[in-house]
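Below is target-v4.csv, which holds CSV, C-alpha atoms.
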```
chain,number,residue,atom,x,y,z
I,1,ASN,CA,0.6,3.8,-10.7
I,2,GLN,CA,0.3,0.1,-10.1
I,3,SER,CA,4.0,-0.5,-10.3
I,4,ILE,CA,4.7,2.4,-7.9
I,5,ILE,CA,2.5,0.9,-5.1
I,6,ARG,CA,3.8,-2.6,-5.8
I,7,ALA,CA,7.5,-1.4,-5.5
I,8,ALA,CA,6.7,0.3,-2.2
I,9,ALA,CA,4.9,-2.7,-0.8
I,10,ARG,CA,7.8,-5.0,-1.6
I,11,ALA,CA,10.2,-2.5,0.0
I,12,LEU,CA,8.0,-2.4,3.1
I,13,LYS,CA,7.8,-6.2,3.2
I,14,LEU,CA,4.1,-6.1,2.9
I,15,PRO,CA,2.8,-9.3,1.2
I,16,LEU,CA,1.0,-8.7,-2.1
I,17,TRP,CA,-2.2,-10.8,-2.5
I,18,VAL,CA,-1.2,-11.3,-6.1
I,19,ASP,CA,2.6,-11.5,-6.3
I,20,GLN,CA,2.9,-11.7,-10.1
I,21,ASP,CA,2.9,-8.3,-11.7
I,22,THR,CA,1.7,-9.7,-15.1
I,23,ILE,CA,-1.6,-10.9,-13.6
I,24,ALA,CA,-2.2,-8.3,-10.9
I,25,SER,CA,-5.2,-6.0,-11.2
I,26,PRO,CA,-4.6,-2.7,-13.0
I,27,ALA,CA,-7.3,-1.1,-10.8
I,28,THR,CA,-6.2,-2.0,-7.2
I,29,THR,CA,-3.3,-3.5,-5.4
I,30,ALA,CA,-4.3,-5.9,-2.6
I,31,LEU,CA,-1.9,-6.1,0.4
I,32,CYS,CA,-1.9,-8.3,3.5
I,33,PRO,CA,-1.2,-6.6,6.8
I,34,PRO,CA,1.9,-7.7,8.7
I,35,PRO,CA,0.9,-9.7,11.8
I,36,PRO,CA,-0.3,-8.8,14.4
I,37,ILE,CA,-1.5,-5.5,12.7
I,38,THR,CA,-5.0,-5.7,11.5
I,39,VAL,CA,-6.5,-4.4,8.3
I,40,GLU,CA,-8.9,-2.3,10.3
I,41,ALA,CA,-6.1,-0.7,12.3
I,42,ILE,CA,-4.3,0.3,9.0
I,43,ARG,CA,-7.5,1.6,7.4
I,44,SER,CA,-8.6,3.4,10.5
I,45,GLU,CA,-5.2,5.2,11.0
I,46,LEU,CA,-4.8,6.1,7.4
I,47,ARG,CA,-8.3,7.7,7.5
I,48,ALA,CA,-7.8,9.4,10.9
I,49,GLN,CA,-4.3,10.7,10.5
I,50,PHE,CA,-4.1,11.4,6.8
I,51,ASN,CA,-7.7,11.5,5.5
I,52,ILE,CA,-6.8,8.6,3.1
I,53,THR,CA,-9.3,5.9,2.4
I,54,VAL,CA,-8.3,2.5,1.3
I,55,ALA,CA,-10.7,-0.4,0.7
I,56,GLY,CA,-10.8,-3.6,2.7
I,57,GLY,CA,-11.3,-7.0,1.4
I,58,GLN,CA,-14.7,-8.4,0.4
I,59,GLY,CA,-16.4,-11.6,1.2
I,60,GLU,CA,-13.9,-14.2,2.5
I,61,LEU,CA,-11.1,-11.6,2.2
I,62,ASN,CA,-12.8,-9.3,4.6
I,63,GLY,CA,-10.2,-8.5,7.4
I,64,LYS,CA,-7.4,-10.3,5.4
I,65,ILE,CA,-6.4,-7.6,2.9
I,66,PHE,CA,-6.6,-3.9,2.2
I,67,ARG,CA,-6.7,-2.4,-1.3
I,68,ILE,CA,-5.1,0.7,-2.7
I,69,GLY,CA,-6.8,2.0,-5.8
I,70,HIS,CA,-4.8,3.4,-8.7
I,71,LEU,CA,-7.2,3.6,-11.6
I,72,GLY,CA,-8.8,6.7,-13.0
I,73,ALA,CA,-7.9,10.2,-11.8
I,74,VAL,CA,-5.0,8.9,-9.7
I,75,PHE,CA,-1.6,10.3,-10.3
I,76,PRO,CA,2.0,9.3,-9.2
I,77,ARG,CA,1.9,12.1,-6.5
I,78,ASP,CA,-1.1,10.3,-5.0
I,79,MET,CA,0.8,7.0,-4.9
I,80,LEU,CA,3.7,8.8,-3.2
I,81,THR,CA,1.4,10.3,-0.7
I,82,VAL,CA,-0.3,7.0,0.1
I,83,THR,CA,3.1,5.3,0.4
I,84,SER,CA,4.5,7.9,2.8
I,85,ALA,CA,1.3,7.9,4.9
I,86,LEU,CA,1.3,4.1,5.0
I,87,GLU,CA,4.9,4.1,6.3
I,88,CYS,CA,4.0,6.4,9.1
I,89,VAL,CA,0.9,4.3,10.0
I,90,LEU,CA,2.9,1.1,10.0
I,91,ALA,CA,5.6,2.7,12.2
I,92,CYS,CA,2.9,4.0,14.6
I,93,LEU,CA,1.4,0.5,14.8
I,94,ASN,CA,4.9,-1.0,15.5
I,95,HIS,CA,5.6,-2.9,12.3
I,96,SER,CA,9.1,-4.0,12.7
I,97,GLN,CA,9.9,-3.6,8.9
I,98,ALA,CA,8.5,0.0,8.8
I,99,LEU,CA,11.7,1.9,8.1
I,100,LEU,CA,10.6,5.4,7.3
I,101,GLY,CA,11.4,6.3,3.7
I,102,VAL,CA,12.1,2.8,2.4
I,103,GLY,CA,8.8,2.4,0.6
I,104,THR,CA,8.7,6.0,-0.5
I,105,GLN,CA,12.2,5.7,-2.0
I,106,ALA,CA,11.2,2.5,-3.8
I,107,ALA,CA,8.1,4.2,-5.2
I,108,GLN,CA,10.2,7.2,-6.3
I,109,LYS,CA,12.7,5.0,-8.0
I,110,GLN,CA,9.9,3.1,-9.8
I,111,TRP,CA,8.3,6.4,-10.9
I,112,LEU,CA,11.7,7.7,-12.3
I,113,SER,CA,12.2,4.4,-14.2
I,114,GLN,CA,8.9,4.7,-16.1
```
Turn this file's structure into structure tokens for me.
Amino acid sequence: NQSIIRAAARALKLPLWVDQDTIASPATTALCPPPPITVEAIRSELRAQFNITVAGGQGELNGKIFRIGHLGAVFPRDMLTVTSALECVLACLNHSQALLGVGTQAAQKQWLSQ
């Protein structure tokens, strides 16, 4: 699940807080929002439009990152759903790199290669 989200993030040109896959958390993927879009705008739209909750940053990372969880009872279909919803939200928020389907396609290819 971690690799699915990370592939989608890279395709969407969303900076990963930890870029190296070998040291990234197996529990969550932390992403930076593309300027000028805020973390709260992404989190709020995911919740309002798709009933998807993603975590924000804590402490000094509050407002700087959002986190997508992928540990426990989370399946590849969940990662594909989050990816597709995130693409829609980024497009609605006018992210210039939000080409619909790009992140989802990268996520699907990653899932198929596992």
Leu93 in chain I: which residues within 10 Å, counting all atoms listed in the file, same-chain residues fewer than 5 positions away excluded, as a PDB file with C-alpha atoms, keeping the file's coordinate frame?
```pdb
ATOM      1  CA  PRO I  36      -0.300  -8.800  14.400  1.00  0.00           C
ATOM      2  CA  ILE I  37      -1.500  -5.500  12.700  1.00  0.00           C
ATOM      3  CA  THR I  38      -5.000  -5.700  11.500  1.00  0.00           C
ATOM      4  CA  ALA I  41      -6.100  -0.700  12.300  1.00  0.00           C
ATOM      5  CA  ILE I  42      -4.300   0.300   9.000  1.00  0.00           C
ATOM      6  CA  GLU I  45      -5.200   5.200  11.000  1.00  0.00           C
ATOM      7  CA  GLU I  87       4.900   4.100   6.300  1.00  0.00           C
ATOM      8  CA  CYS I  88       4.000   6.400   9.100  1.00  0.00           C
ATOM      9  CA  ALA I  98       8.500   0.000   8.800  1.00  0.00           C
TER      10      ALA I  98
END
```
What are the closest atom pairs, with distances in Å to one decimal, for each residue of range 56-95 of chain I lying within 7 Å of range 19-34 of chain I, using all atoms listed in the file, rows by chain and rising residue number, as CSV?
```
residue,atom,partner,partner_atom,distance
I:Lys64,CA,I:Cys32,CA,6.2
I:Ile65,CA,I:Cys32,CA,4.6
I:Phe66,CA,I:Leu31,CA,5.5
I:Arg67,CA,I:Ala30,CA,4.4
I:Ile68,CA,I:Thr29,CA,5.3
I:Gly69,CA,I:Thr28,CA,4.3
I:His70,CA,I:Ala27,CA,5.6
I:Leu71,CA,I:Ala27,CA,4.8
```
Exercise for review: Have a look at I:Ala85, I:Leu61, I:Ala73, I:Leu16 and name the one nearest to Ala48 in chain I; count all atoms listed in the file.
Suggested key: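 Counting all atoms listed in the file, the residue closest to Ala48 in chain I is I:Ala85.
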Review point. Which residue gives the smallest distance to Gly103 in chain I among I:Met79, I:Ala8, I:Leu90, I:Gln2, with all atoms listed in the file counted?
Key: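 The shortest atom-to-atom distance to Gly103 in chain I comes from I:Ala8.
Interatomic distance, CA of Thr104 in chain I to CA of Gln49 in chain I: 17.7 Å.
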**Study point:** Atomic separation - CA of His95 in chain I relative to CA of Pro15 in chain I, Å
**Key:**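 Value for the CA of Pro15 in chain I-CA of His95 in chain I distance: 13.1 Å.
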**Study point:** I:Ala55, I:Leu46, I:Ile5, I:Arg10 ranked by distance to Asp78 in chain I, top pick (using all atoms listed in the file)
**Key:**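 Closest to Asp78 in chain I of all the choices is I:Ile5.
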Practice item. Have a look at CA of Gln114 in chain I and CA of Thr53 in chain I and let me know their distance in Å, one decimal. Key: 26.0 Å
**Study point:** Nearest to Val89 in chain I by atom-to-atom distance, counting all atoms listed in the file, from I:Asn62, I:Gln108, I:Asn1, I:Ser44
**Key:**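 Ranked by minimum distance to Val89 in chain I, first place goes to I:Ser44.
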Check your understanding: Please, which residues are within 12 Å of (10.3, 5.0, -14.9) by the file's coordinates, counting all atoms listed in the file, and could they come as a PyMOL selection string?
Key -> chain I and resi 1+3-4+7+76+106-114
Check your understanding: Given the choices I:Gln105, I:Leu14, I:Val82, I:Asn94, which gets closest to Arg47 in chain I if the distance is worked out from all atoms listed in the file?
Key -> I:Val82
